Amino acid sequence: MSNESPTYTLHMIGHGHIDPTWLWRWTEGYEEVRATFRSALDRMKETPEFTFTASSPCFYAWVKAADPDMFEEIRQRIEEGRWEIVGGMWIEPDCNVPSGESLVRQGLYGQRFFQQEFGKKAVIGFNPDTFGHPGNLPQLLKGLGMNHYIFMRPMAVDERDYPGGTTFWWESPDGSRVLTSNLGPDYNCWDETRARMESLPNNPQLNPGQSHILGFYGVGNHGGGPTKAAIADILALQIEDGPLKPVFSTLEGFYQSLEKDLDSFPVTKTELQHHARGCYSVHAGVKRWNRQVEHSLLTAERLATMAGLLRANPYPKADLEVSWKDLLYNHFHDIIAGTSLESSYEDTRDQLGAARHRAKTIINESIQTIARDIDTTAEGNTLVVFNPLPWPVLQPVLASPIIRREHGAPFHMLDNANTPITLVDEQEKPIPVQEVTGESLSRMPFAGRRYAFLAEVPALGYRSFHARLADSSARTEVPLAATRTGLENQWWRIELDPYDGHITGLYDKGQDVNVLTGGLILSVIQDNSDTWSHEVKEYRIEAGRFGQARLQVVEEGDVLASIQIQTRFGNSSATQELTIYRDTPRIDCKLSVNWQETYHMLKVGFDTTIVDGTATFETPYAHQVRDNQGEEEPGQQWFDLSGTIDGKPYGLSILNDGQYSFDVRGGIMRMTILRSPAYAHHDPARYTPETRMPIMDQGRHDVAFQMLPHGGDWRAANTPRRAWEHNAPCIAHVESAHQGKRPPSGSMLSCDADNVVLTVLKEQEDSDNLVIRGYETHGEAVNATIQLPLMNQEVRVPFEAYEVKTLLVDRSTWAITAANLLEENE
């Protein structure tokens, strides 16, 4: 046995961590990028061995725009191999809040920039400061051309154990793997470089026998990069006779040193969580803006592609790219996580508002140009309802009372306030319609009126409906009833507490089970943690609940019935509206809260009767099963608890329009609505009223969610599709009477497999060919038929379990081939 001491090769990575927005605004971050990159270039002139690693194509685009000469210097150093580009994503994003498609676009636009400007793509994913990493990320990284991944949070020992070592194969549910390393102890190193190097071999969670160790150095957060003193420390240790052998290295060089040992690394098949659980919910506004912009852009792409295929309008590729990049920048982990300055969110509001406006403009132009060619000469006033999703839907739709009867001539739906309206589809089938509360007060006879009906619309398509004066209702004979304390239809009986306003019972008539003993419970939770909620795992101590309820029936008719519930707590007030329908089992909930509490949290709770439940949460292009022990967990458009009630398989899904933070303990499900610490409050600093710091999430917030009780588990209810429908509802368009070459109903894209969600229909970035993307939702392989009915095309496509699949469609031949996430043929 040898008594020789081990030697360690220390791969020292020169880096300057840059938060372009955090405790400063993006304009200051712009300059910090320039200053950091200039410093790195200067160090290269001084020390020939020095290398530098930097991510974020967005930063390079800024430098190219502001300092073309510096950009050319960087290009030269990249060609020399001394400047390493990593990350491949437009910015270092949060990975829990952005949707799966947003993470794809981070890589699509980021890698395209690197390829176009430097002739190469990043091969190493890089998110050192991101607050958590979903389990499906390896599949997305592989599809974006990256085979390795660097992260720091959750940190070894303090936040998570890595018992097999901090370098491991990270495997997503579909089987994709990337070689992954926790960079510990920090991505920053100011003036203690020598001490950092000496400490690296002492990490207790290094891999067994590991001799090549990763170490970062350089001033960071507000940029800076490696200093002259740090470089001198490395040079000094290089000439010492000892076990530590530092080298100026790159991340690619580090992974090359491991190639002979690839089979020895452990495999991890879980998500990499948790850090800063408060970031899943804090700053509710930015999270809701994000969801709205994500769906607006995807809807704009699908409808613009539809319009282009119908030769109605050219595809607005440039506007969409600008809009996506505005969104992607604001996915930076300190922005969308809610941890930046109050003033910085004015910039975010403007950037996301601009992106959403462009998307809405594209949506409107696409709808207008398609509708102009639809034959709308049928009797009555035409309403064309567009479904932006690639599967058929049955959804409640609200229609305006003013439409156009003839070219240029306005005609309102009511001759007088008492004239009933009937609605028919293109087959002259009567559709029940109900007048509901409008949005205005006016002397006009039709003011304040809107009309609700259920629209069945083809996949990614449209359907025409015609409003006419009528003498009778088209109401079906199934029951629908409302009282001040209850709602009932053929599926549900819902009972409400008249004093506190929460649900006391939700009875499923078909399954003969009571699902809830409590629901719509607005709980106020004590929350003394900082903005990030450092070291907090769960929020459990209630300060009280909203109560002093006032309940009233606000809608009851042929289509729907609604109860309004007004409650108070402290200085805050809330209005909830609970709605059920005559001809669909959908249960809608709307919450408008005026929040005026400080260092508290608001949750809406559901006390289910489900036992032996499994908690499942949507994650980017996937889902995650977690323990239901009450810890705060990240999720996206839905979360679910499925088990049994009275021995029957049963579950409850909650769908939302902008929430990302949830907890499940036993049979109790809760969704976090708001948190109210001070802006950018970071422990160990302490807040006192005398500090006069602004408090987050004050004022009015509007939230829409659905309860989806179901027999069986969430797969039986097809919760993923229902959640997409909740976030991308049908669009009602008023169209004047005219002849047209298009039929009154049509579909552009569909898929026959219920466990496949098609999310993307767009033009390829480098051509006018089509890109179709979808993902398998249930963990079950399937052969799906994808159809483009208006083009008379279809193809049979296999989806493996959990697979995210991209297809390219050649518009000249309609040949369909598989591609990676970069829209390159595989």
# chains A, B, ... in the order shown; residues from 1 in each chain; ligands from 1

$ residues_around --residues "Gly353 in chain A" --least-positions-apart "3" --cutoff "10 Å" --atoms "only C-alpha atoms" --output "ChimeraX atom specification"
/A:289-290,292-293,323,326-327,347-350,356-359

$ write_last_selection --atoms "C-alpha atoms" --output "mmCIF file, in the first residue's frame"
data_model
loop_
_atom_site.group_PDB
_atom_site.id
_atom_site.type_symbol
_atom_site.label_atom_id
_atom_site.label_comp_id
_atom_site.auth_asym_id
_atom_site.auth_seq_id
_atom_site.Cartn_x
_atom_site.Cartn_y
_atom_site.Cartn_z
ATOM 1 C CA TRP A 289 -47.351 38.766 -15.982
ATOM 2 C CA ASN A 290 -45.015 35.926 -16.921
ATOM 3 C CA GLN A 292 -49.853 35.852 -19.408
ATOM 4 C CA VAL A 293 -46.972 36.670 -21.738
ATOM 5 C CA SER A 323 -41.022 39.700 -27.764
ATOM 6 C CA ASP A 326 -38.069 40.594 -23.638
ATOM 7 C CA LEU A 327 -39.734 37.718 -21.782
ATOM 8 C CA ASP A 347 -38.734 47.988 -16.052
ATOM 9 C CA THR A 348 -40.115 44.446 -15.952
ATOM 10 C CA ARG A 349 -43.680 45.719 -16.188
ATOM 11 C CA ASP A 350 -42.779 47.783 -19.259
ATOM 12 C CA ARG A 356 -47.667 41.044 -24.479
ATOM 13 C CA HIS A 357 -48.906 43.968 -26.560
ATOM 14 C CA ARG A 358 -46.953 42.750 -29.594
ATOM 15 C CA ALA A 359 -48.352 39.263 -29.065
#

$ residues_around --residues "range 645-655 of chain A" --least-positions-apart "2" --cutoff "10 Å" --atoms "only C-alpha atoms" --output "ChimeraX atom specification"
/A:511-516,588-589,606,608-617,636-643,657-659,669-671,704-714,716-720,722-727

$ closest_residue --among "A:Thr51, A:Thr437, A:Thr813, A:Gln273" --to "Arg160 in chain A" --atoms "only C-alpha atoms"
A:Gln273

$ residues_around --residues "Asp558 in chain A" --least-positions-apart "4" --cutoff "8 Å" --atoms "only C-alpha atoms" --output "ChimeraX atom specification"
/A:432-434,473-476,582

$ write_last_selection --atoms "N, CA and C atoms" --output "PDB file, in the first residue's frame"
ATOM      1  N   PRO A 432     -77.769  27.293 -25.705  1.00  0.00           N
ATOM      2  CA  PRO A 432     -78.238  28.123 -24.587  1.00  0.00           C
ATOM      3  C   PRO A 432     -77.325  29.330 -24.382  1.00  0.00           C
ATOM      4  N   VAL A 433     -77.931  30.468 -24.096  1.00  0.00           N
ATOM      5  CA  VAL A 433     -77.187  31.702 -23.873  1.00  0.00           C
ATOM      6  C   VAL A 433     -77.804  32.417 -22.683  1.00  0.00           C
ATOM      7  N   GLN A 434     -76.992  33.129 -21.924  1.00  0.00           N
ATOM      8  CA  GLN A 434     -77.462  33.778 -20.699  1.00  0.00           C
ATOM      9  C   GLN A 434     -76.864  35.168 -20.596  1.00  0.00           C
ATOM     10  N   SER A 473     -86.254  30.126 -24.965  1.00  0.00           N
ATOM     11  CA  SER A 473     -84.903  29.773 -24.556  1.00  0.00           C
ATOM     12  C   SER A 473     -84.518  28.411 -25.117  1.00  0.00           C
ATOM     13  N   ALA A 474     -83.190  28.221 -25.327  1.00  0.00           N
ATOM     14  CA  ALA A 474     -82.670  26.918 -25.754  1.00  0.00           C
ATOM     15  C   ALA A 474     -82.150  26.118 -24.575  1.00  0.00           C
ATOM     16  N   ARG A 475     -82.534  26.492 -23.373  1.00  0.00           N
ATOM     17  CA  ARG A 475     -82.021  25.839 -22.165  1.00  0.00           C
ATOM     18  C   ARG A 475     -82.320  24.347 -22.165  1.00  0.00           C
ATOM     19  N   THR A 476     -81.323  23.587 -21.768  1.00  0.00           N
ATOM     20  CA  THR A 476     -81.541  22.151 -21.586  1.00  0.00           C
ATOM     21  C   THR A 476     -82.302  21.920 -20.294  1.00  0.00           C
ATOM     22  N   ARG A 582     -74.631  24.505 -16.159  1.00  0.00           N
ATOM     23  CA  ARG A 582     -75.727  23.558 -16.380  1.00  0.00           C
ATOM     24  C   ARG A 582     -75.272  22.355 -17.202  1.00  0.00           C
TER      25      ARG A 582
END

$ residues_around --residues "Trp170 in chain A" --least-positions-apart "5" --cutoff "10 Å" --atoms "only C-alpha atoms" --output "ChimeraX atom specification"
/A:135-139,148-149,175-181,265-272

$ write_last_selection --atoms "N, CA and C atoms" --output "short mmCIF file (atom, residue, chain, number, x, y, z; two decimals), in the first residue's frame"
data_model
loop_
_atom_site.label_atom_id
_atom_site.label_comp_id
_atom_site.auth_asym_id
_atom_site.auth_seq_id
_atom_site.Cartn_x
_atom_site.Cartn_y
_atom_site.Cartn_z
N GLY A 135 -36.76 18.21 -12.47
CA GLY A 135 -36.24 16.91 -12.85
C GLY A 135 -36.18 16.64 -14.33
N ASN A 136 -36.92 17.41 -15.15
CA ASN A 136 -36.92 17.19 -16.59
C ASN A 136 -35.86 18.01 -17.31
N LEU A 137 -35.08 18.80 -16.56
CA LEU A 137 -34.11 19.68 -17.20
C LEU A 137 -33.07 18.93 -18.03
N PRO A 138 -32.59 17.75 -17.63
CA PRO A 138 -31.62 17.05 -18.48
C PRO A 138 -32.13 16.81 -19.90
N GLN A 139 -33.40 16.46 -20.05
CA GLN A 139 -33.94 16.25 -21.40
C GLN A 139 -33.87 17.54 -22.21
N HIS A 148 -23.51 18.64 -20.40
CA HIS A 148 -23.04 18.79 -19.03
C HIS A 148 -23.80 19.94 -18.37
N TYR A 149 -23.77 19.97 -17.05
CA TYR A 149 -24.53 21.00 -16.33
C TYR A 149 -23.78 21.38 -15.06
N GLY A 175 -35.13 9.33 -19.55
CA GLY A 175 -33.86 8.62 -19.68
C GLY A 175 -32.70 9.47 -20.15
N SER A 176 -32.94 10.73 -20.52
CA SER A 176 -31.85 11.62 -20.93
C SER A 176 -30.92 11.88 -19.75
N ARG A 177 -29.60 11.93 -20.04
CA ARG A 177 -28.61 12.16 -18.99
C ARG A 177 -27.66 13.28 -19.37
N VAL A 178 -27.28 14.07 -18.37
CA VAL A 178 -26.18 15.03 -18.52
C VAL A 178 -25.26 14.85 -17.31
N LEU A 179 -23.94 14.94 -17.54
CA LEU A 179 -22.98 14.86 -16.46
C LEU A 179 -22.98 16.20 -15.73
N THR A 180 -23.28 16.17 -14.46
CA THR A 180 -23.64 17.36 -13.71
C THR A 180 -22.71 17.52 -12.51
N SER A 181 -22.37 18.79 -12.19
CA SER A 181 -21.49 19.05 -11.05
C SER A 181 -22.04 20.20 -10.22
N PHE A 265 -19.43 7.33 -12.19
CA PHE A 265 -20.21 8.36 -11.52
C PHE A 265 -21.61 7.85 -11.16
N PRO A 266 -22.11 8.25 -9.99
CA PRO A 266 -23.46 7.83 -9.60
C PRO A 266 -24.53 8.46 -10.49
N VAL A 267 -25.72 7.92 -10.42
CA VAL A 267 -26.86 8.42 -11.21
C VAL A 267 -27.90 8.98 -10.25
N THR A 268 -28.34 10.20 -10.52
CA THR A 268 -29.40 10.84 -9.75
C THR A 268 -30.61 11.03 -10.64
N LYS A 269 -31.78 10.57 -10.19
CA LYS A 269 -33.00 10.63 -11.01
C LYS A 269 -34.06 11.52 -10.38
N THR A 270 -33.66 12.45 -9.54
CA THR A 270 -34.62 13.33 -8.87
C THR A 270 -34.39 14.78 -9.28
N GLU A 271 -35.36 15.61 -8.97
CA GLU A 271 -35.15 17.05 -9.13
C GLU A 271 -34.09 17.52 -8.14
N LEU A 272 -33.49 18.67 -8.40
CA LEU A 272 -32.47 19.23 -7.52
C LEU A 272 -33.07 20.46 -6.85
#

$ closest_residue --among "A:His11, A:Glu794, A:Leu237, A:Asn202" --to "Leu258 in chain A" --atoms "only C-alpha atoms"
A:His11

$ residues_around --residues "Phe799 in chain A" --least-positions-apart "5" --cutoff "9 Å" --atoms "only C-alpha atoms" --output "number ranges by chain"
A: 756, 775-776, 780-784, 804-805

$ residues_around --residues "range 737-749 of chain A" --least-positions-apart "2" --cutoff "8 Å" --atoms "only C-alpha atoms" --output "PyMOL selection string"
chain A and resi 306+372-378+381-382+390-391+404-407+426+458-464+735+751+786-791

$ closest_residue --among "A:Trp26, A:Tyr660, A:Tyr687, A:Phe168" --to "Asn207 in chain A" --atoms "only C-alpha atoms"
A:Phe168

$ residues_around --residues "Ile363 in chain A" --least-positions-apart "5" --cutoff "7 Å" --atoms "only C-alpha atoms" --output "PyMOL selection string"
chain A and resi 300+303-304

$ select_by_dssp --residues "range 173-401 of chain A" --states "helix (DSSP H, G or I)" --output "ChimeraX atom specification"
/A:193-202,228-238,251-256,259-264,277-280,284-309,317-329,333-336,344-371

$ atom_distance --atom1 "CA of Pro620 in chain A" --atom2 "CA of Cys95 in chain A"
8.1 Å

$ atom_distance --atom1 "CA of Ala622 in chain A" --atom2 "CA of Pro173 in chain A"
8.6 Å

$ closest_residue --among "A:Leu522, A:Val385, A:Val734, A:Ala470" --to "Val457 in chain A" --atoms "only C-alpha atoms"
A:Val385

$ atom_distance --atom1 "CA of Leu41 in chain A" --atom2 "CA of Glu252 in chain A"
19.7 Å

$ closest_residue --among "A:Gly143, A:Pro93, A:Pro154, A:Gly107" --to "Ile335 in chain A" --atoms "only C-alpha atoms"
A:Pro93

$ select_by_dssp --residues "range 164-357 of chain A" --states "strand (DSSP E or B)" --output "ChimeraX atom specification"
/A:167-171,177-182,189,212-219,221-222,225,244-249,267-268,272,332

$ closest_residue --among "A:Ala561, A:Leu821, A:Ile668, A:Leu506" --to "Arg493 in chain A" --atoms "only C-alpha atoms"
A:Leu506
